[in-house]
Each structure stands twice: as structure tokens, then as C-alpha cells.
>>> print(open('target.cif').read())   # mmCIF, C-alpha atoms
data_data
#
loop_
_atom_site.label_atom_id
_atom_site.label_comp_id
_atom_site.auth_asym_id
_atom_site.auth_seq_id
_atom_site.Cartn_x
_atom_site.Cartn_y
_atom_site.Cartn_z
CA MET Y 817 36.50 -107.79 21.42
CA ARG Y 818 33.15 -106.91 19.87
CA HIS Y 819 32.07 -103.24 19.91
CA TYR Y 820 28.51 -102.04 19.40
CA LYS Y 821 26.24 -99.02 19.39
CA MET Y 822 22.56 -98.90 20.35
CA LEU Y 823 20.14 -96.63 18.54
CA ASN Y 824 16.58 -95.65 19.39
CA ASP Y 825 14.59 -93.81 16.71
CA GLY Y 826 17.88 -92.93 15.07
CA TYR Y 827 19.39 -91.48 18.24
CA LEU Y 828 22.47 -93.00 19.82
CA VAL Y 829 21.49 -94.15 23.33
CA ALA Y 830 24.54 -96.22 24.29
CA ILE Y 831 27.70 -97.90 23.14
CA GLY Y 832 29.38 -100.92 24.60
CA THR Y 833 31.44 -104.04 24.29
CA GLY Y 834 30.15 -107.58 24.29
CA ALA Y 835 26.88 -108.82 22.85
CA GLY Y 836 24.04 -106.62 21.63
CA GLY Y 837 23.36 -103.55 19.54
CA VAL Y 838 24.77 -102.91 16.09
CA GLU Y 839 28.37 -104.02 15.67
CA ILE Y 840 30.83 -101.23 14.90
CA THR Y 841 34.56 -101.03 14.43
CA GLU Y 842 36.90 -100.26 17.31
CA GLU Y 843 37.77 -96.98 15.58
CA GLU Y 844 34.12 -95.89 15.47
CA TYR Y 845 33.66 -97.02 19.08
CA ASN Y 846 36.62 -94.97 20.26
CA ALA Y 847 35.40 -91.91 18.35
CA LEU Y 848 31.91 -92.21 19.85
CA LEU Y 849 33.33 -92.84 23.34
CA SER Y 850 35.46 -89.74 23.10
CA GLU Y 851 32.49 -87.58 22.05
CA ILE Y 852 30.17 -89.07 24.69
CA ARG Y 853 32.69 -88.43 27.47
CA GLU Y 854 33.49 -84.94 26.26
CA LYS Y 855 29.81 -84.00 26.23
CA ALA Y 856 29.25 -85.57 29.66
CA ALA Y 857 32.19 -83.59 31.06
CA LEU Y 858 30.86 -80.34 29.61
CA ALA Y 859 27.39 -81.00 31.04
CA ASN Y 860 28.93 -81.73 34.45
CA GLN Y 861 31.04 -78.58 34.41
CA MET Y 862 28.12 -76.44 33.34
CA TYR Y 863 25.81 -77.99 35.93
CA LYS Y 864 28.36 -77.23 38.65
CA GLY Y 865 28.75 -73.66 37.39
CA GLU Y 866 32.38 -74.12 36.41
CA ILE Y 867 31.75 -72.99 32.83
CA THR Y 868 29.05 -71.14 30.91
CA ILE Y 869 27.38 -72.15 27.68
CA ASP Y 870 29.87 -69.95 25.83
CA ALA Y 871 32.61 -72.46 26.64
CA VAL Y 872 30.71 -75.20 24.81
CA PRO Y 873 31.35 -75.70 21.08
CA ALA Y 874 28.54 -74.00 19.15
CA GLU Y 875 27.31 -77.23 17.53
CA TRP Y 876 26.85 -78.86 20.95
CA GLN Y 877 25.39 -75.92 22.89
CA GLU Y 878 21.72 -76.82 22.44
CA GLU Y 879 22.32 -80.44 23.45
CA ILE Y 880 24.45 -79.61 26.48
CA GLN Y 881 21.98 -76.97 27.67
CA GLN Y 882 19.19 -79.52 27.39
CA ARG Y 883 21.17 -82.05 29.45
CA VAL Y 884 21.80 -79.51 32.18
CA ASN Y 885 18.12 -78.52 32.18
CA GLU Y 886 17.12 -82.17 32.47
CA ARG Y 887 19.50 -82.71 35.37
CA LEU Y 888 18.01 -79.71 37.15
CA THR Y 889 14.60 -81.34 36.92
CA GLU Y 890 15.66 -84.84 37.97
CA ILE Y 891 13.29 -86.32 40.51
CA ASP Y 892 14.64 -86.95 43.97
CA ASP Y 893 11.78 -88.97 45.37
CA ASP Y 894 9.92 -91.99 44.13
CA PRO Y 895 6.75 -90.69 42.41
CA ASP Y 896 5.56 -94.21 41.66
CA LEU Y 897 4.93 -95.20 45.25
CA THR Y 898 2.07 -97.67 45.25
CA ALA Y 899 -0.44 -98.07 48.04
CA GLU Y 900 1.18 -101.40 48.79
CA GLU Y 901 4.61 -99.82 49.12
CA ALA Y 902 3.18 -97.07 51.29
CA ILE Y 903 1.70 -99.67 53.64
CA ASP Y 904 5.06 -101.44 53.75
CA ILE Y 905 6.73 -98.21 54.80
CA ILE Y 906 4.08 -97.44 57.42
CA LEU Y 907 4.40 -100.95 58.83
CA GLY Y 908 8.16 -100.73 58.84
CA GLY Y 909 8.70 -103.11 55.95
CA ALA Y 910 10.55 -102.74 52.68
CA LYS Y 911 11.77 -99.45 51.14
CA MET H 1211 59.43 -142.03 36.03
CA ALA H 1212 58.11 -144.13 33.17
CA LEU H 1213 56.49 -142.44 30.20
CA THR H 1214 53.06 -143.77 31.15
CA ASP H 1215 53.48 -142.36 34.66
CA LYS H 1216 54.39 -138.99 33.20
CA LEU H 1217 51.33 -139.05 30.94
CA LYS H 1218 49.16 -140.01 33.90
CA ALA H 1219 50.62 -137.11 35.90
CA ILE H 1220 49.75 -134.71 33.06
CA ALA H 1221 46.22 -136.13 32.84
CA ASP H 1222 45.80 -135.78 36.60
CA ALA H 1223 46.94 -132.15 36.42
CA VAL H 1224 44.47 -131.46 33.60
CA ARG H 1225 41.62 -133.10 35.54
CA ALA H 1226 42.51 -131.10 38.63
CA LYS H 1227 42.17 -127.90 36.61
CA THR H 1228 39.00 -128.80 34.69
CA GLY H 1229 37.22 -130.69 37.42
CA GLY H 1230 36.80 -133.70 35.13
CA THR H 1231 37.13 -137.31 36.21
CA GLU H 1232 37.13 -139.17 32.89
CA LEU H 1233 40.09 -140.86 31.22
CA LEU H 1234 41.81 -138.65 28.65
CA THR H 1235 43.42 -139.50 25.33
CA LEU H 1236 46.39 -137.41 24.18
CA ASP H 1237 44.11 -135.49 21.80
CA GLN H 1238 41.62 -134.83 24.61
CA MET H 1239 44.44 -133.62 26.85
CA ALA H 1240 45.51 -131.09 24.23
CA ALA H 1241 41.94 -129.81 23.88
CA ALA H 1242 41.43 -129.71 27.63
CA ILE H 1243 44.65 -127.78 28.21
CA GLY H 1244 43.62 -125.31 25.51
CA GLY H 1245 40.35 -124.72 27.35
CA ILE H 1246 41.97 -123.85 30.66
CA SER H 1247 41.88 -120.12 31.41
CA GLY H 1248 45.07 -118.51 32.62
CA GLY H 1249 45.56 -116.10 35.50
CA GLY H 1250 43.30 -117.90 37.89
CA GLY H 1251 40.25 -117.70 35.63
CA LEU H 1252 37.35 -120.08 35.96
CA PRO H 1253 37.93 -123.32 34.02
CA SER H 1254 35.27 -123.87 31.38
CA ALA H 1255 34.18 -127.04 33.16
CA VAL H 1256 32.99 -124.88 36.06
CA ALA H 1257 31.31 -121.95 34.37
CA THR H 1258 30.77 -119.94 31.23
CA VAL H 1259 31.56 -116.29 31.65
CA THR H 1260 30.82 -113.29 29.45
CA TYR H 1261 31.64 -109.67 30.12
CA GLY H 1262 31.47 -106.23 28.60
CA ASP H 1263 30.82 -102.54 29.04
CA TYR H 1264 27.65 -100.48 28.70
CA ILE H 1265 28.03 -96.73 28.28
CA PRO H 1266 24.83 -94.66 28.07
CA THR H 1267 25.10 -91.42 26.16
CA VAL H 1268 23.01 -89.32 28.56
CA ASP H 1269 21.75 -89.43 32.14
CA THR H 1270 18.60 -91.52 32.40
CA ASN H 1271 16.36 -93.05 35.03
CA SER H 1272 15.24 -95.78 32.68
CA MET H 1273 16.44 -99.32 33.34
CA PRO H 1274 18.26 -100.67 30.27
CA ASP H 1275 18.42 -104.33 29.37
CA ILE H 1276 21.94 -105.43 28.50
CA GLU H 1277 22.65 -108.42 26.27
CA HIS H 1278 24.97 -110.89 28.00
CA GLY H 1279 25.54 -113.33 25.14
CA LEU H 1280 25.51 -116.45 27.32
CA GLY H 1281 22.61 -118.09 25.53
CA ALA H 1282 21.30 -119.23 28.91
CA VAL H 1283 19.87 -117.53 31.97
CA PRO H 1284 22.87 -116.38 34.04
CA ASP H 1285 23.28 -117.56 37.61
CA ILE H 1286 25.19 -114.45 38.64
CA VAL H 1287 25.32 -111.00 37.07
CA VAL H 1288 27.32 -108.13 38.47
CA ALA H 1289 27.52 -104.64 36.99
CA TRP H 1290 29.44 -101.70 38.38
CA CYS H 1291 30.46 -98.30 37.16
CA GLY H 1292 34.03 -97.39 36.40
CA GLU H 1293 35.47 -93.97 37.14
CA LEU H 1294 32.74 -91.69 38.43
CA ASP H 1295 32.71 -88.32 40.17
CA CYS H 1296 29.37 -88.06 41.97
CA SER H 1297 30.00 -84.50 43.15
CA GLY H 1298 28.19 -83.14 40.11
CA TYR H 1299 24.94 -84.94 40.82
CA SER H 1300 22.28 -83.75 43.22
CA THR H 1301 20.14 -86.84 42.73
CA THR H 1302 20.76 -90.51 43.38
CA THR H 1303 23.17 -92.39 41.11
CA LEU H 1304 23.38 -96.10 40.43
CA ILE H 1305 26.90 -97.34 41.17
CA GLY H 1306 26.41 -101.07 40.98
CA SER H 1307 23.93 -103.86 40.56
CA ALA H 1308 24.00 -107.59 41.21
CA ILE H 1309 21.61 -110.46 40.62
CA ILE H 1310 21.98 -113.93 42.09
CA ARG H 1311 19.57 -116.36 40.52
CA GLY H 1312 17.45 -118.83 42.42
CA ILE H 1313 17.18 -117.08 45.75
CA THR H 1314 13.57 -116.09 46.23
CA THR H 1315 13.32 -112.81 48.06
CA ARG H 1316 10.47 -110.69 49.33
CA LEU H 1317 10.04 -107.31 47.68
CA SER H 1318 6.78 -106.25 49.28
CA SER H 1319 3.84 -107.73 51.14
CA SER H 1320 2.53 -109.47 48.03
CA ALA H 1321 5.44 -109.69 45.62
CA ASN H 1322 8.47 -111.91 45.57
CA SER H 1323 11.46 -112.01 43.25
CA GLU H 1324 12.89 -115.30 42.03
CA ASN H 1325 16.36 -113.84 42.47
CA ALA H 1326 18.37 -111.92 45.02
CA ASN H 1327 18.49 -108.39 43.61
CA ILE H 1328 21.03 -105.97 44.99
CA CYS H 1329 21.71 -102.34 44.06
CA LEU H 1330 24.57 -100.10 45.15
CA ILE H 1331 23.60 -96.45 45.06
CA LYS H 1332 25.11 -93.08 45.89
CA GLU H 1333 22.29 -91.18 47.53
CA SER H 1334 21.35 -87.67 46.52
CA GLY H 1335 23.25 -84.66 47.75
CA ALA H 1336 25.63 -85.45 50.58
CA GLY H 1337 23.96 -88.83 51.08
CA SER H 1338 25.94 -91.97 51.61
CA VAL H 1339 26.65 -95.00 49.45
CA ARG H 1340 24.14 -97.69 50.31
CA VAL H 1341 23.30 -101.26 49.41
CA VAL H 1342 19.57 -101.54 48.75
CA SER H 1343 17.04 -103.88 47.22
CA PRO H 1344 14.53 -102.94 44.53
CA SER H 1345 11.45 -101.53 46.23
CA SER H 1346 8.98 -103.30 43.97
CA GLN H 1347 8.63 -105.67 41.03
CA SER H 1348 8.81 -102.64 38.71
CA TYR H 1349 12.51 -102.29 39.40
CA VAL H 1350 13.57 -105.92 39.32
CA GLY H 1351 13.46 -106.31 35.57
CA THR H 1352 13.72 -109.64 33.82
CA LEU H 1353 16.69 -111.95 33.71
CA THR H 1354 16.50 -113.98 30.51
CA GLU H 1355 18.59 -116.12 28.18
CA SER H 1356 19.57 -112.99 26.27
CA VAL H 1357 19.50 -109.97 28.62
CA PHE H 1358 19.86 -108.80 32.18
CA PRO H 1359 18.48 -105.56 33.59
CA LEU H 1360 20.70 -102.81 34.90
CA GLN H 1361 18.32 -102.76 37.82
CA LYS H 1362 17.79 -100.09 40.44
CA ASN H 1363 15.69 -99.67 43.52
CA SER H 1364 13.34 -96.83 42.61
CA ALA H 1365 12.42 -94.39 39.86
CA ALA H 1366 14.58 -91.71 41.43
CA VAL H 1367 17.86 -93.47 40.63
CA TYR H 1368 19.85 -92.42 37.59
CA ILE H 1369 22.49 -94.04 35.47
CA ARG H 1370 24.95 -91.49 34.16
CA GLY H 1371 25.84 -90.56 30.62
CA GLY H 1372 29.43 -91.17 29.62
CA VAL H 1373 30.05 -93.57 32.50
CA SER H 1374 31.25 -97.10 31.75
CA TYR H 1375 29.12 -99.67 33.51
CA HIS H 1376 31.26 -102.80 33.44
CA TRP H 1377 29.47 -106.12 33.74
CA ILE H 1378 30.16 -109.81 34.07
CA ALA H 1379 27.66 -112.65 33.65
CA VAL H 1380 28.26 -116.17 34.90
CA LYS H 1381 26.47 -119.39 34.04
CA LEU H 1382 27.56 -122.19 36.34
CA ARG H 1383 27.67 -125.74 35.04
CA GLU H 1384 25.23 -128.28 36.45
CA GLY H 1385 26.32 -129.51 39.84
CA VAL H 1386 28.62 -126.57 40.60
#
>>> encode(input="target.cif", output="C-alpha cells")
Amino acid sequence: MRHYKMLNDGYLVAIGTGAGGVEITEEEYNALLSEIREKAALANQMYKGEITIDAVPAEWQEEIQQRVNERLTEIDDDPDLTAEEAIDIILGGAK
Amino acid sequence: MALTDKLKAIADAVRAKTGGTELLTLDQMAAAIGGISGGGGLPSAVATVTYGDYIPTVDTNSMPDIEHGLGAVPDIVVAWCGELDCSGYSTTTLIGSAIIRGITTRLSSSANSENANICLIKESGAGSVRVVSPSSQSYVGTLTESVFPLQKNSAAVYIRGGVSYHWIAVKLREGV
């Protein structure tokens, strides 16, 4: 199985298996997967108020805090509604 | 049973699996048997299938293109997330996505899609899981010989960091 990572401006944006990205070893993939999931779990716990920033390893605190802040500002409505889409909604069409 | 009858029976069994109708030499039988997938998989004479995982590092409402490696425009693409606890999200999360090529569908009063585009979402808050279509061309993305979009139905739908989005892409053979 082929493993890869995807970078954007030097930042890791995704990993995966299959085609695409920059091929990496299974060992590197597993290490990245472990870190990605650990950070996601910490962000989830902090967002839900189960832990505070003090429970996050010092070297990850800034990143995890930023993720939580971003989740707090996630949009919950479609801001890109076009006039055409609005008419569809008014007329009982798509959406 | 004579040897020729036994060979014919083997060739018939191979043809039944591959969907072929042509006469087979012994060498061709060996190659054909080697190409048959086990466990009920699709025989290569019917379709080419690729699959993989895509795991974003952080939450995002962008719509990533994923390379499928088929070398041809897929006829069917299905993506779905693996283990996921939505209780930590107050906004809408993409759970699955499917594209069936060649079924023209209406997205809005003036825009069609060349494909049937389907999204499975977990709505925000205590909202339900729903099957929806992209609300405009902006969210359909482009299905090409190299990539498929992890499509969604609006800007307010997020894919989640650390979640494995499994995918499978299928290119059917001509006439299937």
C-alpha cells in the first residue's frame, strides 16, 4: 500500500493512502497519523471543556488553542448564497 | 471425463468469472485466473477499482481534490468517514460523499451537473443526519482522470481533522 503526505506552503495539510501527494514510508505515515489524531483529540476535548490548555503539551498549546478558536468561529449558515439560490429557496426549489 | 472436457470445464469457469467469451489457451487461462479477485471482488473484466484514505490534519470547510489513480474518469466514487464522534462539533460535518457519473441533475434554475452528486451530512448542533445535494455548481467540484472532489453541499460544511475519509473509485468497462 502506498502512503503519502500533502503539503501546502510547507505545512502538512493531509496524509493518506493511495495515489497523490508525496510518497512516505509506512513508519512516517503511522507517526504522522498518531500525532494528527492526538492533536484532534486534544482540540475536541478542549472545545467541549473537558480539559484546559494546561493539559496540552507546551509545544502544541498555541496550535491547539488556534484550532479551538477556529472551531468557535465556524460558520453555520451559507454566506455565499447567490441571488439565484435565494430565488430557488423562495420558489421552493433546491437548497 | 476426458482431459479435453476437463480443460473446457476450467475454461468455462474462468469465463464465467471474467465475463469473457473468447477461447482460452492454457497460458491465457493461467493469466485470467491470476486476474480474478478473491472474496467476491469485482473481476477485472468488469471494472477497475482503486481505493484509499484521506486524513486532513485540521478542520476545514475547503473541498479537497483527492487523487484516485485510475487514469480515467471514474464512473462511481464513494467517500465516507471512519470513526467519528460528532458530539464535539456545533457546526455541520461531512460524513460521506458519492458521485455517479453520467446522470445529469439539476442544481439550480440555470445550472446542471453532469453527474449525480450526493452528500451525507451531520447537521449542526442536535441536527439530524441528512442526504443532500450540492446547492450550486460551486460545491460540485470537478471529476477528472486524476482527481475527484470530496464534495459538500454548502460552505458551512466541514471536514474534520484527524478523521479518516475512506474512498473507493470505480471505472466500469465498456458495456458494463
>>> interface_residues(input="target.cif", of="chain Y", to="chain H", cutoff="6 Å", atoms="only C-alpha atoms", output="mmCIF file with C-alpha atoms, in the coordinates of the input")
data_model
loop_
_atom_site.group_PDB
_atom_site.id
_atom_site.type_symbol
_atom_site.label_atom_id
_atom_site.label_comp_id
_atom_site.auth_asym_id
_atom_site.auth_seq_id
_atom_site.Cartn_x
_atom_site.Cartn_y
_atom_site.Cartn_z
ATOM 1 C CA VAL Y 829 21.490 -94.150 23.330
ATOM 2 C CA ALA Y 830 24.540 -96.220 24.290
ATOM 3 C CA ILE Y 831 27.700 -97.900 23.140
ATOM 4 C CA GLY Y 832 29.380 -100.920 24.600
ATOM 5 C CA THR Y 833 31.440 -104.040 24.290
ATOM 6 C CA GLY Y 834 30.150 -107.580 24.290
ATOM 7 C CA ALA Y 835 26.880 -108.820 22.850
ATOM 8 C CA GLY Y 836 24.040 -106.620 21.630
ATOM 9 C CA ILE Y 852 30.170 -89.070 24.690
ATOM 10 C CA ARG Y 853 32.690 -88.430 27.470
ATOM 11 C CA ALA Y 856 29.250 -85.570 29.660
ATOM 12 C CA ASN Y 860 28.930 -81.730 34.450
ATOM 13 C CA ILE Y 891 13.290 -86.320 40.510
ATOM 14 C CA ASP Y 892 14.640 -86.950 43.970
ATOM 15 C CA ASP Y 893 11.780 -88.970 45.370
ATOM 16 C CA ASP Y 894 9.920 -91.990 44.130
ATOM 17 C CA LYS Y 911 11.770 -99.450 51.140
#
>>> atom_distance(input="target.cif", atom1="CA of Leu823 (chain Y)", atom2="CA of Gly837 (chain Y)")
7.7 Å
>>> atom_distance(input="target.cif", atom1="CA of Lys1218 (chain H)", atom2="CA of Thr1231 (chain H)")
12.5 Å
>>> atom_distance(input="target.cif", atom1="CA of Arg1383 (chain H)", atom2="CA of Met817 (chain Y)")
24.2 Å
>>> closest_residue(input="target.cif", among="Y:Glu851, Y:Glu878, Y:Glu890, Y:Glu866", to="Leu828 (chain Y)", atoms="all atoms listed in the file")
Y:Glu851
>>> closest_residue(input="target.cif", among="H:Ala1289, H:Ile1313, H:Met1273, H:Ala1255", to="Gly1351 (chain H)", atoms="only C-alpha atoms")
H:Met1273
>>> axis_aligned_box(input="target.cif", around="region 1298-1312 of chain H", padding_each_side="5 Å", output="AutoDock Vina command-line options")
--center_x 22.8 --center_y -101.0 --center_z 41.7 --size_x 20.7 --size_y 45.7 --size_z 13.3
